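Down below is the structure, laid out as structure tokens.
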Amino acid sequence: MKNVKFIDMSEEQAEYIEGQLDAFDKQFISCQLDGRIQIGLESDGKIVAGLDACVTAFKILYVSTVFVREEYRRKGYGKLLMEEMERRAKAMGVNTIRLDTFSWQGKEFYESLHYEVAGSYENTDDGYSEYFFLKRI
């Protein structure tokens with residue numbers, strides 16, 4: 001470990017490292033899909049709900065964002081988004097969906113849509129829990 005020091009990487013250096021990891025991973029990933037699902041629901045010309053997801057390794061879709069404006073919650077908008085996302089994901093060749101949520105967000109919502117908790121942890125110091133969900137489609 002001689003002559004080794006910590007540096008703050010530039011954007012170019014970070015991209016290089018990510019490229020190196022991608023090259024390494026390719027030898028283990030038997031199927032690589034590409035794609036993104038970004039859908040919203042609009043009412044009276046304003047967006048009231050939306051979802052953002054991207055395909056990762058294998059045939060996995062990672063859902064990064066699901067949001068429904070407060071006055072539209074518990075009226076089926078979130079379920080509509082998730083069902084449409086699943087339909088599009090299946091058409092893309094996706095067979096697994098993964099997402100995560102904090103304790104105050106949508107744990108019960110995702111469970112009601114048959115997503116399974118694959119893991120969780122509780123951070124009592126900061127007062128939250130996080131849940132990791134999977135669904136095979």
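Simple scheme: letters A, B, ... for chains in structure tokens order, numbers from 1 for residues in each chain, numbers from 1 for ligands in the order shown.
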Based on the backbone DSSP call, show me all residues of stretch 59-131 of chain A assigned alpha helix (DSSP H), as a PDB file with all heavy atoms, in the first residue's frame.
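New file selection33.pdb:
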ATOM      1  N   TYR A  77     -54.958   5.867  -7.792  1.00  0.00           N
ATOM      2  CA  TYR A  77     -53.977   6.398  -8.742  1.00  0.00           C
ATOM      3  C   TYR A  77     -52.640   5.639  -8.671  1.00  0.00           C
ATOM      4  O   TYR A  77     -52.057   5.309  -9.706  1.00  0.00           O
ATOM      5  CB  TYR A  77     -53.735   7.894  -8.515  1.00  0.00           C
ATOM      6  CG  TYR A  77     -54.909   8.755  -8.894  1.00  0.00           C
ATOM      7  CD1 TYR A  77     -55.956   8.977  -7.999  1.00  0.00           C
ATOM      8  CD2 TYR A  77     -54.968   9.358 -10.141  1.00  0.00           C
ATOM      9  CE1 TYR A  77     -57.029   9.775  -8.346  1.00  0.00           C
ATOM     10  CE2 TYR A  77     -56.048  10.152 -10.498  1.00  0.00           C
ATOM     11  CZ  TYR A  77     -57.076  10.360  -9.597  1.00  0.00           C
ATOM     12  OH  TYR A  77     -58.149  11.143  -9.945  1.00  0.00           O
ATOM     13  N   GLY A  78     -52.172   5.377  -7.479  1.00  0.00           N
ATOM     14  CA  GLY A  78     -50.921   4.648  -7.315  1.00  0.00           C
ATOM     15  C   GLY A  78     -51.022   3.249  -7.887  1.00  0.00           C
ATOM     16  O   GLY A  78     -50.109   2.764  -8.563  1.00  0.00           O
ATOM     17  N   LYS A  79     -52.132   2.598  -7.636  1.00  0.00           N
ATOM     18  CA  LYS A  79     -52.348   1.246  -8.164  1.00  0.00           C
ATOM     19  C   LYS A  79     -52.361   1.271  -9.691  1.00  0.00           C
ATOM     20  O   LYS A  79     -51.765   0.409 -10.336  1.00  0.00           O
ATOM     21  CB  LYS A  79     -53.655   0.666  -7.621  1.00  0.00           C
ATOM     22  CG  LYS A  79     -53.903  -0.751  -8.072  1.00  0.00           C
ATOM     23  CD  LYS A  79     -55.169  -1.319  -7.456  1.00  0.00           C
ATOM     24  CE  LYS A  79     -55.370  -2.744  -7.948  1.00  0.00           C
ATOM     25  NZ  LYS A  79     -56.608  -3.321  -7.461  1.00  0.00           N
ATOM     26  N   LEU A  80     -53.021   2.272 -10.288  1.00  0.00           N
ATOM     27  CA  LEU A  80     -53.032   2.405 -11.745  1.00  0.00           C
ATOM     28  C   LEU A  80     -51.612   2.542 -12.294  1.00  0.00           C
ATOM     29  O   LEU A  80     -51.264   1.901 -13.288  1.00  0.00           O
ATOM     30  CB  LEU A  80     -53.844   3.631 -12.172  1.00  0.00           C
ATOM     31  CG  LEU A  80     -55.347   3.496 -12.226  1.00  0.00           C
ATOM     32  CD1 LEU A  80     -55.982   4.852 -12.541  1.00  0.00           C
ATOM     33  CD2 LEU A  80     -55.763   2.466 -13.260  1.00  0.00           C
ATOM     34  N   LEU A  81     -50.811   3.383 -11.661  1.00  0.00           N
ATOM     35  CA  LEU A  81     -49.427   3.570 -12.091  1.00  0.00           C
ATOM     36  C   LEU A  81     -48.654   2.262 -12.033  1.00  0.00           C
ATOM     37  O   LEU A  81     -47.948   1.899 -12.981  1.00  0.00           O
ATOM     38  CB  LEU A  81     -48.711   4.581 -11.190  1.00  0.00           C
ATOM     39  CG  LEU A  81     -48.880   6.052 -11.473  1.00  0.00           C
ATOM     40  CD1 LEU A  81     -48.184   6.862 -10.389  1.00  0.00           C
ATOM     41  CD2 LEU A  81     -48.332   6.418 -12.836  1.00  0.00           C
ATOM     42  N   MET A  82     -48.759   1.574 -10.916  1.00  0.00           N
ATOM     43  CA  MET A  82     -48.003   0.342 -10.722  1.00  0.00           C
ATOM     44  C   MET A  82     -48.447  -0.737 -11.714  1.00  0.00           C
ATOM     45  O   MET A  82     -47.612  -1.458 -12.261  1.00  0.00           O
ATOM     46  CB  MET A  82     -48.148  -0.157  -9.280  1.00  0.00           C
ATOM     47  CG  MET A  82     -47.550   0.780  -8.240  1.00  0.00           C
ATOM     48  SD  MET A  82     -45.764   0.978  -8.373  1.00  0.00           S
ATOM     49  CE  MET A  82     -45.220  -0.633  -7.801  1.00  0.00           C
ATOM     50  N   GLU A  83     -49.740  -0.852 -11.956  1.00  0.00           N
ATOM     51  CA  GLU A  83     -50.225  -1.848 -12.913  1.00  0.00           C
ATOM     52  C   GLU A  83     -49.733  -1.542 -14.328  1.00  0.00           C
ATOM     53  O   GLU A  83     -49.339  -2.449 -15.066  1.00  0.00           O
ATOM     54  CB  GLU A  83     -51.753  -1.929 -12.869  1.00  0.00           C
ATOM     55  CG  GLU A  83     -52.270  -2.575 -11.599  1.00  0.00           C
ATOM     56  CD  GLU A  83     -53.775  -2.514 -11.450  1.00  0.00           C
ATOM     57  OE1 GLU A  83     -54.447  -1.742 -12.185  1.00  0.00           O
ATOM     58  OE2 GLU A  83     -54.291  -3.237 -10.585  1.00  0.00           O
ATOM     59  N   GLU A  84     -49.758  -0.277 -14.710  1.00  0.00           N
ATOM     60  CA  GLU A  84     -49.270   0.099 -16.041  1.00  0.00           C
ATOM     61  C   GLU A  84     -47.765  -0.131 -16.145  1.00  0.00           C
ATOM     62  O   GLU A  84     -47.276  -0.605 -17.172  1.00  0.00           O
ATOM     63  CB  GLU A  84     -49.607   1.566 -16.343  1.00  0.00           C
ATOM     64  CG  GLU A  84     -49.082   2.067 -17.671  1.00  0.00           C
ATOM     65  CD  GLU A  84     -49.662   1.374 -18.899  1.00  0.00           C
ATOM     66  OE1 GLU A  84     -50.655   0.619 -18.798  1.00  0.00           O
ATOM     67  OE2 GLU A  84     -49.106   1.584 -20.005  1.00  0.00           O
ATOM     68  N   MET A  85     -47.045   0.183 -15.084  1.00  0.00           N
ATOM     69  CA  MET A  85     -45.601  -0.056 -15.070  1.00  0.00           C
ATOM     70  C   MET A  85     -45.318  -1.552 -15.218  1.00  0.00           C
ATOM     71  O   MET A  85     -44.461  -1.947 -16.011  1.00  0.00           O
ATOM     72  CB  MET A  85     -44.996   0.476 -13.772  1.00  0.00           C
ATOM     73  CG  MET A  85     -43.495   0.283 -13.637  1.00  0.00           C
ATOM     74  SD  MET A  85     -43.001  -1.173 -12.661  1.00  0.00           S
ATOM     75  CE  MET A  85     -43.901  -1.003 -11.152  1.00  0.00           C
ATOM     76  N   GLU A  86     -46.037  -2.394 -14.511  1.00  0.00           N
ATOM     77  CA  GLU A  86     -45.842  -3.841 -14.609  1.00  0.00           C
ATOM     78  C   GLU A  86     -46.166  -4.342 -16.014  1.00  0.00           C
ATOM     79  O   GLU A  86     -45.455  -5.183 -16.555  1.00  0.00           O
ATOM     80  CB  GLU A  86     -46.686  -4.567 -13.566  1.00  0.00           C
ATOM     81  CG  GLU A  86     -46.180  -4.378 -12.158  1.00  0.00           C
ATOM     82  CD  GLU A  86     -47.042  -5.068 -11.107  1.00  0.00           C
ATOM     83  OE1 GLU A  86     -47.833  -5.982 -11.463  1.00  0.00           O
ATOM     84  OE2 GLU A  86     -46.924  -4.711  -9.925  1.00  0.00           O
ATOM     85  N   ARG A  87     -47.219  -3.814 -16.623  1.00  0.00           N
ATOM     86  CA  ARG A  87     -47.587  -4.207 -17.979  1.00  0.00           C
ATOM     87  C   ARG A  87     -46.465  -3.864 -18.954  1.00  0.00           C
ATOM     88  O   ARG A  87     -46.048  -4.683 -19.774  1.00  0.00           O
ATOM     89  CB  ARG A  87     -48.891  -3.516 -18.394  1.00  0.00           C
ATOM     90  CG  ARG A  87     -49.423  -3.973 -19.754  1.00  0.00           C
ATOM     91  CD  ARG A  87     -50.576  -3.119 -20.247  1.00  0.00           C
ATOM     92  NE  ARG A  87     -50.185  -1.759 -20.575  1.00  0.00           N
ATOM     93  CZ  ARG A  87     -49.437  -1.402 -21.638  1.00  0.00           C
ATOM     94  NH1 ARG A  87     -49.003  -2.312 -22.472  1.00  0.00           N
ATOM     95  NH2 ARG A  87     -49.144  -0.139 -21.861  1.00  0.00           N
ATOM     96  N   ARG A  88     -45.946  -2.633 -18.851  1.00  0.00           N
ATOM     97  CA  ARG A  88     -44.864  -2.203 -19.737  1.00  0.00           C
ATOM     98  C   ARG A  88     -43.579  -2.993 -19.469  1.00  0.00           C
ATOM     99  O   ARG A  88     -42.855  -3.330 -20.403  1.00  0.00           O
ATOM    100  CB  ARG A  88     -44.599  -0.706 -19.567  1.00  0.00           C
ATOM    101  CG  ARG A  88     -45.741   0.161 -20.070  1.00  0.00           C
ATOM    102  CD  ARG A  88     -45.413   1.627 -19.947  1.00  0.00           C
ATOM    103  NE  ARG A  88     -46.533   2.456 -20.311  1.00  0.00           N
ATOM    104  CZ  ARG A  88     -46.428   3.745 -20.610  1.00  0.00           C
ATOM    105  NH1 ARG A  88     -45.252   4.349 -20.582  1.00  0.00           N
ATOM    106  NH2 ARG A  88     -47.497   4.449 -20.934  1.00  0.00           N
ATOM    107  N   ALA A  89     -43.302  -3.254 -18.201  1.00  0.00           N
ATOM    108  CA  ALA A  89     -42.095  -4.008 -17.845  1.00  0.00           C
ATOM    109  C   ALA A  89     -42.143  -5.400 -18.452  1.00  0.00           C
ATOM    110  O   ALA A  89     -41.154  -5.878 -19.019  1.00  0.00           O
ATOM    111  CB  ALA A  89     -41.954  -4.086 -16.324  1.00  0.00           C
ATOM    112  N   LYS A  90     -43.283  -6.048 -18.330  1.00  0.00           N
ATOM    113  CA  LYS A  90     -43.431  -7.398 -18.891  1.00  0.00           C
ATOM    114  C   LYS A  90     -43.222  -7.363 -20.403  1.00  0.00           C
ATOM    115  O   LYS A  90     -42.545  -8.232 -20.961  1.00  0.00           O
ATOM    116  CB  LYS A  90     -44.809  -7.954 -18.532  1.00  0.00           C
ATOM    117  CG  LYS A  90     -44.956  -9.433 -18.807  1.00  0.00           C
ATOM    118  CD  LYS A  90     -46.309  -9.950 -18.370  1.00  0.00           C
ATOM    119  CE  LYS A  90     -46.274 -10.193 -16.877  1.00  0.00           C
ATOM    120  NZ  LYS A  90     -47.437 -10.932 -16.382  1.00  0.00           N
ATOM    121  N   ALA A  91     -43.761  -6.352 -21.069  1.00  0.00           N
ATOM    122  CA  ALA A  91     -43.606  -6.227 -22.521  1.00  0.00           C
ATOM    123  C   ALA A  91     -42.142  -6.007 -22.909  1.00  0.00           C
ATOM    124  O   ALA A  91     -41.726  -6.390 -24.003  1.00  0.00           O
ATOM    125  CB  ALA A  91     -44.475  -5.080 -23.049  1.00  0.00           C
ATOM    126  N   MET A  92     -41.356  -5.421 -22.011  1.00  0.00           N
ATOM    127  CA  MET A  92     -39.931  -5.194 -22.259  1.00  0.00           C
ATOM    128  C   MET A  92     -39.094  -6.450 -22.020  1.00  0.00           C
ATOM    129  O   MET A  92     -37.916  -6.478 -22.352  1.00  0.00           O
ATOM    130  CB  MET A  92     -39.404  -4.081 -21.331  1.00  0.00           C
ATOM    131  CG  MET A  92     -39.963  -2.715 -21.601  1.00  0.00           C
ATOM    132  SD  MET A  92     -39.577  -1.534 -20.264  1.00  0.00           S
ATOM    133  CE  MET A  92     -37.817  -1.353 -20.446  1.00  0.00           C
ATOM    134  N   LYS A 107     -45.106   1.131   2.516  1.00  0.00           N
ATOM    135  CA  LYS A 107     -44.927  -0.286   2.823  1.00  0.00           C
ATOM    136  C   LYS A 107     -46.222  -1.082   2.612  1.00  0.00           C
ATOM    137  O   LYS A 107     -46.242  -2.085   1.900  1.00  0.00           O
ATOM    138  CB  LYS A 107     -44.421  -0.464   4.250  1.00  0.00           C
ATOM    139  CG  LYS A 107     -44.215  -1.924   4.646  1.00  0.00           C
ATOM    140  CD  LYS A 107     -43.689  -2.045   6.078  1.00  0.00           C
ATOM    141  CE  LYS A 107     -43.452  -3.474   6.473  1.00  0.00           C
ATOM    142  NZ  LYS A 107     -44.682  -4.225   6.728  1.00  0.00           N
ATOM    143  N   GLU A 108     -47.298  -0.667   3.220  1.00  0.00           N
ATOM    144  CA  GLU A 108     -48.569  -1.395   3.120  1.00  0.00           C
ATOM    145  C   GLU A 108     -49.109  -1.361   1.693  1.00  0.00           C
ATOM    146  O   GLU A 108     -49.705  -2.325   1.218  1.00  0.00           O
ATOM    147  CB  GLU A 108     -49.611  -0.830   4.098  1.00  0.00           C
ATOM    148  CG  GLU A 108     -49.277  -1.071   5.554  1.00  0.00           C
ATOM    149  CD  GLU A 108     -48.259  -0.088   6.127  1.00  0.00           C
ATOM    150  OE1 GLU A 108     -47.997   0.967   5.497  1.00  0.00           O
ATOM    151  OE2 GLU A 108     -47.698  -0.380   7.207  1.00  0.00           O
ATOM    152  N   PHE A 109     -48.891  -0.253   0.994  1.00  0.00           N
ATOM    153  CA  PHE A 109     -49.327  -0.124  -0.392  1.00  0.00           C
ATOM    154  C   PHE A 109     -48.669  -1.201  -1.257  1.00  0.00           C
ATOM    155  O   PHE A 109     -49.345  -1.913  -1.999  1.00  0.00           O
ATOM    156  CB  PHE A 109     -48.988   1.278  -0.908  1.00  0.00           C
ATOM    157  CG  PHE A 109     -49.173   1.451  -2.389  1.00  0.00           C
ATOM    158  CD1 PHE A 109     -50.435   1.422  -2.959  1.00  0.00           C
ATOM    159  CD2 PHE A 109     -48.076   1.645  -3.217  1.00  0.00           C
ATOM    160  CE1 PHE A 109     -50.605   1.583  -4.333  1.00  0.00           C
ATOM    161  CE2 PHE A 109     -48.229   1.818  -4.581  1.00  0.00           C
ATOM    162  CZ  PHE A 109     -49.503   1.776  -5.139  1.00  0.00           C
ATOM    163  N   TYR A 110     -47.350  -1.334  -1.170  1.00  0.00           N
ATOM    164  CA  TYR A 110     -46.645  -2.329  -1.986  1.00  0.00           C
ATOM    165  C   TYR A 110     -47.030  -3.754  -1.592  1.00  0.00           C
ATOM    166  O   TYR A 110     -47.176  -4.616  -2.457  1.00  0.00           O
ATOM    167  CB  TYR A 110     -45.133  -2.121  -1.915  1.00  0.00           C
ATOM    168  CG  TYR A 110     -44.728  -0.787  -2.481  1.00  0.00           C
ATOM    169  CD1 TYR A 110     -44.129   0.180  -1.693  1.00  0.00           C
ATOM    170  CD2 TYR A 110     -44.983  -0.475  -3.811  1.00  0.00           C
ATOM    171  CE1 TYR A 110     -43.782   1.405  -2.218  1.00  0.00           C
ATOM    172  CE2 TYR A 110     -44.647   0.756  -4.347  1.00  0.00           C
ATOM    173  CZ  TYR A 110     -44.048   1.699  -3.542  1.00  0.00           C
ATOM    174  OH  TYR A 110     -43.720   2.929  -4.058  1.00  0.00           O
ATOM    175  N   GLU A 111     -47.228  -3.982  -0.305  1.00  0.00           N
ATOM    176  CA  GLU A 111     -47.679  -5.308   0.134  1.00  0.00           C
ATOM    177  C   GLU A 111     -49.049  -5.628  -0.462  1.00  0.00           C
ATOM    178  O   GLU A 111     -49.303  -6.768  -0.868  1.00  0.00           O
ATOM    179  CB  GLU A 111     -47.716  -5.387   1.660  1.00  0.00           C
ATOM    180  CG  GLU A 111     -46.334  -5.423   2.271  1.00  0.00           C
ATOM    181  CD  GLU A 111     -46.329  -5.310   3.787  1.00  0.00           C
ATOM    182  OE1 GLU A 111     -47.258  -4.696   4.368  1.00  0.00           O
ATOM    183  OE2 GLU A 111     -45.378  -5.831   4.396  1.00  0.00           O
ATOM    184  N   SER A 112     -49.929  -4.639  -0.547  1.00  0.00           N
ATOM    185  CA  SER A 112     -51.267  -4.865  -1.106  1.00  0.00           C
ATOM    186  C   SER A 112     -51.207  -5.214  -2.592  1.00  0.00           C
ATOM    187  O   SER A 112     -52.142  -5.816  -3.126  1.00  0.00           O
ATOM    188  CB  SER A 112     -52.164  -3.644  -0.886  1.00  0.00           C
ATOM    189  OG  SER A 112     -51.832  -2.598  -1.786  1.00  0.00           O
TER     190      SER A 112
END
Practice item. Tell me which protein, DNA and RNA residues are within 10 Å of stretch 64-68 of chain A, counting only C-alpha atoms, leaving out same-chain ones fewer than 3 positions away, and put them as a count of residues only. Key: 29
Practice item. Would you please extract all strand (DSSP E) residues from chain A, as assigned by DSSP on the backbone, and give them as a VMD selection string? Key: chain A and resid 36 to 43 46 to 55 60 to 68 96 to 102 116 to 123 128 to 136
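Of the residues listed (A:Glu70, A:Thr56, A:Ser103, A:Gly45), A:Thr56 shows the shortest atom-to-atom separation from A:Ile29; distances use only C-alpha atoms.
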**Study point:** Which residue of A:Asp8, A:Asp25, A:Ile97, A:Ile17 approaches A:Ile37 most closely, using only C-alpha atoms
**Key:**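 Smallest separation from A:Ile37 among the options: A:Ile97.
In this structure, atom CA of A:Val94 sits 17.9 Å away from atom CA of A:Phe28.
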